[in-house]
Amino acid sequence: MAFLPVILWSDVLIWLLFVAAGVFGWLSLRNPLWRTAWQRVGRSRSGMASATVLLVFVLVGLLDSLHYRPRLENDAGHLASSDAVPGESAAGKPPAAYAVEVLSLLDAILTPLRTRNEKTYSEPLATRAYAKESIESRDAAGELQKTRDYPRLKHGGIHLGADEAGRDADIGQRLLRALALAILAWWALAAATAARLAHREACAHREAWRRIWSNESDFAWNAVLAAAGAVLLVALPLGMLAVHYHVFGTDKVGQDVLYQVLKSVRTALVIGLVTTLVTLPLSIFLGVLAGYFRGWVDDLIQYLYTTLSSIPGVLLIAAAVLMMQVLIDNHPQWFATAAERADLRLLALCFILGVTSWTGLCRLLRGETLKLRELEYIQAAQAFGVADLRIIGRHILPNLMHIVIIALVMDFSSLVLAEAVLSYVGIGVDPTMISFGTMINNARMELAREPMVWWSLAAAFVFMFALVLAANLLADAVRDAFDPRIAGSA
Amino acid sequence: MSDGATLNERLLLEVARLRIAFVSGRSLLPAVDGVDFQVAAGETLALLGESGCGKSATALGLLRLLPAAGRVAGGEVCFEGRDLLSLPEAEMRGVRGGGMAMIFQEPATSLNPVLTVGHQLGEVLARHLGLSGQPARERSLELLRAVGIADAERRLGEYPFQLSGGMKQRVMIAVALAGNPRLLIADEPTTALDVTIQAQILELLRQLQAERAMGMLLITHDLGVVAQMATRVAVMYAGQIVEEAPRAVFFSAARHPYTQKLFAALPDLARRGGRLETIPGQVPPLAEMPGGCRFASRCEYAWERCRRQAPEWRQVAVGHRLRCHLDALPDAGASAGVAAAVEVEEAAATPLLSVDALRVHFPIRRGILQRTVGHVRAVDGVSLELARGRTLALVGESGCGKTTVGKAILQLIAASAGSVRLLGQELGGLAGKARRPLRRRMQMIFQDPFASLNPRMSVGEIIGEGMGALRIDMQRQGRAAAIAAVLDQVGLEAAAAHRYPHEFSGGQRQRIAIARALAVQPDLVICDEPTSALDVSVQAQILNLLATLQADLGLAYLFITHNFAVVDHLAHEVAVMYLGRIVERGSVDEVLRSPQHPYTRALLSAVPSARLDAQPEFIRLPGETPSPANPPTGCHFHPRCRQATDACRERYPATSVLSATHSVRCHLYSQDAAR
Ligand code: SF4
Ligand code: SF4
């Protein structure tokens with residue numbers, strides 16, 4: 001085998017969530033009530049546009065969640081395989097050796113970005129480094145000369161050769177080509193959509209096209225297409241330029257910032273999604289229990305969450321993270337690779353965030369359950385002698401689902417932001433793990449530098465903003481579609 | 001209004017061809033389609049119609065207060081010579097509250113809960129009369145006194161939550177009157193109130209109108225209220241006015257088939273025991289209004305022309321206009337239900353249900369330690385008996401504990417004391433498991449058909465739930481067939497089982513709720529105001545259904561209601577509750593024809609009758625029902641009773657037996673008082 005698959009815990013969870021979302025989607029398609037609610041989401045233009053953008057992020061995240069260790073070339077293998085898989089084969093064939101470094105599918109795709117490291121900072125699209133260095137060169141007479149100048153980058157714009165002045169023209173040309181390609185790709189996409197719609201609704205192409213753009217289709221195709229167009233317009237030029245330049249510059253150790261930003265997406269998704277795996281069971285279980293049974297159960301649960309939410313969240317998280325850090329540092333033998341360690345730390349952070357942030361939803365669900373249990377259909381069920389657990393399962397939970405879904409999408413963006421803040425304070429993810437938070441944390445020093453290094457922060461900011469904005473817009477659309485007060489009683 | 005000239009001079013509001021539509025998706029649904037009417041000063045035009053006929057939309061359209069989706073699609077609204085529809089918004093604000101004011105149905109939500117009464121009144125006074133400071137305060141006090149609020153100074157500083165429902169509606173009226181409107185639009189002003197309070201408010205409105213010579217547009221669905229208040233009546237159906245007539249003509253010689261059906265659907269004594277007239281079918285949905293007469297699909301006189309051509313709005317007598325092709329009316333009385341007063345033989349030997357000295361007290365807890373500082377005596381010693389095949393009506397105003405009695409019998413609420421026996425078996429002491437066989441013998445039908453069905457379950461699941469929980473018909477095949485059978489029993493198709501509650505109308509939902517109860521084959525059904533959320537014609541269908549089921553299955557009903565017309569129609573026995581106790585009980589005739597307890601008398605006198613002649617003199621009850629947490633000493637009713645004596649203030653009266661079935665708890669009839 002050319003690689004050894006590595007399954008990290010967070011990969012498992014991410015893919016499980018992906019499957020769960022699929023199953024949930026399938027189930028809700030079968031239930032007419034849910035189906036109409038999702039159809040309402042589908043009609044919302046802002047919702048669908050943001051869903052398209054989110055889908056791109058999720059795709060990046062999923063690609064980044066398939067990990068492996070590449071096989072090393074034989075000769076180099078013996079050198080680098082300090083922890084290569086043991087087991088000498090009898091035939092004397094050298095054992096398969098795998099790199100220590102855990103890579104993901106995304107890394108493989110982004111190999112040029114990942115490997116073409118410079119020495120240190122360079123500006124976006126630059127061909128030379130950001131700081132002067134003394135350069136030794138031989139002049140015509142063969143004398144060794146020392147000059148102080150901006151050194152040429154090892155990779156950025158290397159194809160230009162000596163013709164550095166041609167950079168602008170080269171970039172312009174590439175941009176134009178990317179633009180043309182984007183328009184072409186978009187056109188193909190739009191035509192395919194119209195064709196499908198025409199096929200489904202059995203009307204002429206022209207008619208389907210008109211329906212899409214005059215907002216008469218039952219699904220906000222125009223928003224999806226517009227968002228896809230925007231994504232193409234951003235992604236293709238980025239891709240075209242990234243082949244030969246560092247589009248967002250490089251950081252202190254010369255790593256491409258675009259690569260870092262793309263890697264951060266997965267961290268943000270894990271934090272935003274896996275945390276809810278912890279909060280949901282806690283808050284649903286405790287909230288419904290408190291609301292349904294009242295009495296001392298309610299008192300106990302209320303006491304629990306009032307106490308928990310009266311401790312400042314950051315303090316609680318900081319304490320827990322520090323404890324976990326000590327634990328991890330004391331047991332290096334638990335982890336085969338650095339990636340595994342960072343991964344576990346990420347999951348632990350999710351867990352801690354989850355344990356400290358279930359109170360809000362729990363309170364909401366308790367209130368709603370208190371209201372629901374007084375409704376007449378629940379009393380009718382009680383009059384039949386239906387068991388309490390069954391009443392909770394059949395009558396209360398389905399009527400709480402809209403709150404849970406709304407809370408889920410709303411919490412996502414706040415968790416992504418929370419990660420950034422925590423990493424900034426230094427109690428977030430492992431420092432070796434690339435995340436928006438660590439990028440922003442590094443930017444603290446860079447901004448104080450003279451001349452200022454601004455591109456890391458800007459890139460992280462723009463990507464995180466796009467992610468959170470899309471999540472928030474989708475959350476709004478979902479809330480409008482699911483909240484019975486807004487969407488009408490049906 | 002003795003002649004036409006003065007009438008025209010004092011004409012306040014003229015509405016011509018008003019059309020209102022609601023935006024739905026990409027289409028406009030017409031909710032009001034070409035409505036014409038006038039209101040003159042000093043007269044009351046009652047706009048009568050069932051829910052969804054467009055009467056409220058009309059009122060909101062007049063004030064240009066339609067919800068976001070509503071549009072005035074055409075027509076004219078002329079108020080005192082000004083065209084309201086073309087008025088700029090700034091001037092329109094002067095008209096609202098100043099020229100015409102509106103009173104809404106729900107007093108609880110039409111006052112702002114975070115502002116004091118004085119503040120809310122002051123706002124209107126400042127806006128329309130430019131009053132502020134001391135003069136505004138004086139005017140506010142005057143207004144509050146005018147709407148009959150005692151202790152006006154104190155009330156001025158209070159917040160809405162400190163006021164009772166009737167008081168809130170009075171304040172609402174005071175706010176409406178603050179701008180000295182010439183026209184008052186009252187949208188179901190008393191629907192949310194108890195009968196005795198309703199009578200007070202109606203009296204107040206009448207009196208205010210006479211004093212101020214206001215015009216009034218009264219929107220209601222209640223023929224009783226119309227009979228009491230209206231000068232003229234306009235009946236709306238599916239967005240059109242189908243008949244308009246002066247009150248006397250309306251009640252004696254209504255001509256539109258729909259109006260006649262409305263009268264025929266009213267439960268009352270004449271048709272007791274028989275079937276009520278119902279209107280088959282439903283109002284056509286807004287999206288698919290038929291081209292011809294809109295009532296054609298439900299009209300028994302409809303002929304081919306009705307379906308082809310929409311009838312004209314034409315005058316048939318002075319002030320009597322009609323939208324119907326029919327000229328001479330076939331005899332109206334002919335189709336009235338046969339009053340086959342089936343007398344059920346007297347009570348069977350063993351009562352099905354017997355309740356003895358039932359008490360339900362809710363503790364009031366205060367402080368951090370949640371100490372019990374008192375009890376709300378929701379039910380305080382209620383005893384009753386009910387035999388198979390009989391109907392006992394439990395009547396009383398809201399807060400008297402009648403619903404709590406029902407729930408305590410079903411063991412949904414734990415009783416504090418007393419016993420509930422079903423078929424001779426005590427229910428109170430049984431554990432959940434042991435209670436299960438008895439559970440299936442009694443079921444409940446709730447008031448609000450929209451809250452009593454789980455919106456996330458299909459009708460089949462809803463009906464099957466009880467069967468599952470009570471282990472009836474466990475095989476799948478049997479279950480589906482059983483569900484189809486009960487659906488058929490309540491007049492729904494078997495296919496309904498696969499649909500969801502929101503696809504059904506209110507009356508159909510109530511049928512589903514009844515089917516759910518019937519599915520477990522109970523002997524006793526507790527009906528908690530099962531028709532109060534329904535329109536008259538639908539109410540008639542449900543009452544008929546209940547009567548049929550009783551005749552077929554021998555069900556016993558405990559009918560909890562405040563509607564005396566329904567009681568009269570359906571019940572065999574009546575028990576009247578006041579503050580957690582039964583104050584009078586007896587057979588229907590005894591209690592309704594010769595009420596003895598002063599409270600029963602007052603209650604009956606307050607019920608607005610839908611006949612012009614039959615309204616008894618209204619016995620005005622001062623104040624409102626006191627809180628059951630702190631009932632008055634002695635007879636609970638004494639602070640409001642005109643006949644109260646010293647004895648009443650000291651002791652709660654014992655039960656006095658007037659006949660074999662009739663008993664009353666009042667000192668007027670007690671043995672020692674007689675002596
Ligand atoms: S026009 Fe015809 S269908 Fe309409 S109410 Fe008159 S008789 Fe009935
Ligand atoms: S006991 Fe006295 S106060 Fe009570 S109802 Fe009779 S007369 Fe009135």
# chains A, B, ... in the order shown; residues from 1 in each chain; ligands from 1
$ closest_atom_pairs --of "chain B" --to "ligand 1" --cutoff "12 Å" --atoms "only C-alpha atoms and all ligand atoms" --output "CSV"
residue,atom,partner,partner_atom_place_in_ligand_line,distance
B:Tyr237,CA,ligand 1,5 (S),10.2
B:Ala238,CA,ligand 1,4 (Fe),11.9
B:Gln240,CA,ligand 1,4 (Fe),11.8
B:Ile241,CA,ligand 1,5 (S),11.6
B:Val242,CA,ligand 1,5 (S),8.2
B:Glu243,CA,ligand 1,5 (S),10.0
B:Arg255,CA,ligand 1,6 (Fe),9.2
B:His256,CA,ligand 1,5 (S),6.0
B:Pro257,CA,ligand 1,5 (S),5.3
B:Tyr258,CA,ligand 1,5 (S),6.5
B:Thr259,CA,ligand 1,5 (S),9.3
B:Gln260,CA,ligand 1,5 (S),10.3
B:Lys261,CA,ligand 1,5 (S),10.6
B:Ile279,CA,ligand 1,8 (Fe),11.9
B:Pro290,CA,ligand 1,3 (S),11.0
B:Gly291,CA,ligand 1,4 (Fe),11.2
B:Gly292,CA,ligand 1,4 (Fe),7.9
B:Cys293,CA,ligand 1,4 (Fe),4.5
B:Arg294,CA,ligand 1,4 (Fe),6.5
B:Phe295,CA,ligand 1,4 (Fe),5.0
B:Ala296,CA,ligand 1,3 (S),3.5
B:Ser297,CA,ligand 1,3 (S),7.1
B:Arg298,CA,ligand 1,3 (S),7.5
B:Cys299,CA,ligand 1,8 (Fe),4.6
B:Glu300,CA,ligand 1,8 (Fe),6.7
B:Tyr301,CA,ligand 1,7 (S),4.8
B:Ala302,CA,ligand 1,3 (S),4.0
B:Trp303,CA,ligand 1,2 (Fe),6.3
B:Glu304,CA,ligand 1,2 (Fe),8.3
B:Arg305,CA,ligand 1,2 (Fe),7.3
B:Cys306,CA,ligand 1,2 (Fe),4.3
B:Arg307,CA,ligand 1,3 (S),7.0
B:Arg308,CA,ligand 1,2 (Fe),9.8
B:Gln309,CA,ligand 1,1 (S),8.4
B:Ala310,CA,ligand 1,1 (S),7.2
B:Pro311,CA,ligand 1,1 (S),5.6
B:Glu312,CA,ligand 1,1 (S),8.8
B:Trp313,CA,ligand 1,1 (S),10.5
B:Arg314,CA,ligand 1,1 (S),11.7
B:Leu322,CA,ligand 1,6 (Fe),8.9
B:Arg323,CA,ligand 1,1 (S),6.8
B:Cys324,CA,ligand 1,6 (Fe),3.7
B:His325,CA,ligand 1,1 (S),4.3
B:Leu326,CA,ligand 1,7 (S),5.0
B:Asp327,CA,ligand 1,7 (S),8.8
B:Ala328,CA,ligand 1,7 (S),10.3
B:Leu329,CA,ligand 1,7 (S),9.1
B:Pro330,CA,ligand 1,7 (S),10.4
$ closest_atom_pairs --of "chain A" --to "chain B" --cutoff "7 Å" --atoms "only C-alpha atoms" --output "Markdown table"
| residue | atom | partner | partner_atom | distance |
| --- | --- | --- | --- | --- |
| A:Leu375 | CA | B:Ala451 | CA | 6.2 |
| A:Glu376 | CA | B:Ser452 | CA | 4.4 |
| A:Tyr377 | CA | B:Ser452 | CA | 4.2 |
| A:Ala380 | CA | B:Met444 | CA | 6.9 |
| A:Gln382 | CA | B:Leu412 | CA | 6.9 |
| A:Ala383 | CA | B:Leu410 | CA | 6.5 |
| A:Phe384 | CA | B:Gly466 | CA | 5.3 |
| A:Gly385 | CA | B:Ala469 | CA | 6.4 |
| A:Val386 | CA | B:Ala469 | CA | 5.2 |
| A:His395 | CA | B:Asn454 | CA | 6.7 |
| A:Pro398 | CA | B:Arg456 | CA | 6.6 |
| A:Asn399 | CA | B:Arg456 | CA | 6.9 |
| A:Ala490 | CA | B:His502 | CA | 5.7 |
$ write_last_selection --atoms "N, CA, C and O atoms" --output "PDB file, in the first residue's frame"
ATOM      1  N   LEU A 375     -50.622  21.116  27.649  1.00  0.00           N
ATOM      2  CA  LEU A 375     -51.498  21.093  26.478  1.00  0.00           C
ATOM      3  C   LEU A 375     -52.434  19.895  26.549  1.00  0.00           C
ATOM      4  O   LEU A 375     -52.151  18.878  27.156  1.00  0.00           O
ATOM      5  N   GLU A 376     -53.552  20.075  25.861  1.00  0.00           N
ATOM      6  CA  GLU A 376     -54.603  19.087  26.039  1.00  0.00           C
ATOM      7  C   GLU A 376     -54.261  17.739  25.430  1.00  0.00           C
ATOM      8  O   GLU A 376     -54.699  16.717  25.914  1.00  0.00           O
ATOM      9  N   TYR A 377     -53.458  17.721  24.376  1.00  0.00           N
ATOM     10  CA  TYR A 377     -53.195  16.404  23.800  1.00  0.00           C
ATOM     11  C   TYR A 377     -52.308  15.564  24.703  1.00  0.00           C
ATOM     12  O   TYR A 377     -52.362  14.350  24.678  1.00  0.00           O
ATOM     13  N   ALA A 380     -54.717  14.291  27.180  1.00  0.00           N
ATOM     14  CA  ALA A 380     -55.489  13.189  26.589  1.00  0.00           C
ATOM     15  C   ALA A 380     -54.679  11.900  26.656  1.00  0.00           C
ATOM     16  O   ALA A 380     -55.200  10.844  26.995  1.00  0.00           O
ATOM     17  N   GLN A 382     -52.381  11.222  28.802  1.00  0.00           N
ATOM     18  CA  GLN A 382     -52.341  10.788  30.202  1.00  0.00           C
ATOM     19  C   GLN A 382     -53.644  10.092  30.578  1.00  0.00           C
ATOM     20  O   GLN A 382     -53.643   9.138  31.341  1.00  0.00           O
ATOM     21  N   ALA A 383     -54.743  10.594  30.014  1.00  0.00           N
ATOM     22  CA  ALA A 383     -56.028   9.970  30.321  1.00  0.00           C
ATOM     23  C   ALA A 383     -56.096   8.547  29.778  1.00  0.00           C
ATOM     24  O   ALA A 383     -56.857   7.730  30.267  1.00  0.00           O
ATOM     25  N   PHE A 384     -55.300   8.249  28.760  1.00  0.00           N
ATOM     26  CA  PHE A 384     -55.237   6.875  28.257  1.00  0.00           C
ATOM     27  C   PHE A 384     -54.301   6.031  29.107  1.00  0.00           C
ATOM     28  O   PHE A 384     -54.135   4.847  28.843  1.00  0.00           O
ATOM     29  N   GLY A 385     -53.618   6.659  30.039  1.00  0.00           N
ATOM     30  CA  GLY A 385     -52.656   5.919  30.826  1.00  0.00           C
ATOM     31  C   GLY A 385     -51.378   5.619  30.065  1.00  0.00           C
ATOM     32  O   GLY A 385     -50.690   4.657  30.356  1.00  0.00           O
ATOM     33  N   VAL A 386     -51.044   6.430  29.063  1.00  0.00           N
ATOM     34  CA  VAL A 386     -49.793   6.232  28.338  1.00  0.00           C
ATOM     35  C   VAL A 386     -48.626   6.512  29.284  1.00  0.00           C
ATOM     36  O   VAL A 386     -48.680   7.452  30.070  1.00  0.00           O
ATOM     37  N   HIS A 395     -44.856  12.743  22.187  1.00  0.00           N
ATOM     38  CA  HIS A 395     -45.561  14.021  22.158  1.00  0.00           C
ATOM     39  C   HIS A 395     -44.643  15.205  22.414  1.00  0.00           C
ATOM     40  O   HIS A 395     -44.798  16.247  21.811  1.00  0.00           O
ATOM     41  N   PRO A 398     -40.956  15.445  19.674  1.00  0.00           N
ATOM     42  CA  PRO A 398     -41.180  15.941  18.313  1.00  0.00           C
ATOM     43  C   PRO A 398     -41.575  17.417  18.295  1.00  0.00           C
ATOM     44  O   PRO A 398     -41.252  18.130  17.367  1.00  0.00           O
ATOM     45  N   ASN A 399     -42.264  17.847  19.333  1.00  0.00           N
ATOM     46  CA  ASN A 399     -42.670  19.247  19.353  1.00  0.00           C
ATOM     47  C   ASN A 399     -41.571  20.169  19.855  1.00  0.00           C
ATOM     48  O   ASN A 399     -41.750  21.386  19.886  1.00  0.00           O
ATOM     49  N   ALA A 490     -49.185  25.763  11.003  1.00  0.00           N
ATOM     50  CA  ALA A 490     -49.115  24.469  10.331  1.00  0.00           C
ATOM     51  C   ALA A 490     -47.770  23.818  10.533  1.00  0.00           C
ATOM     52  O   ALA A 490     -46.761  24.310  10.159  1.00  0.00           O
TER      53      ALA A 490
END
$ closest_residue --among "B:Ser663, B:Ser86, B:Thr600, B:Thr58" --to "ligand 2" --atoms "only C-alpha atoms and all ligand atoms"
B:Thr600
$ atom_distance --atom1 "atom CA of B:Asp523" --atom2 "atom CA of B:Gln550"
9.7 Å
$ residues_near_ligand --ligand "ligand 2" --cutoff "8 Å" --atoms "only C-alpha atoms and all ligand atoms" --output "PyMOL selection string"
chain B and resi 597-599+634-645+647-649+652-653+665-669
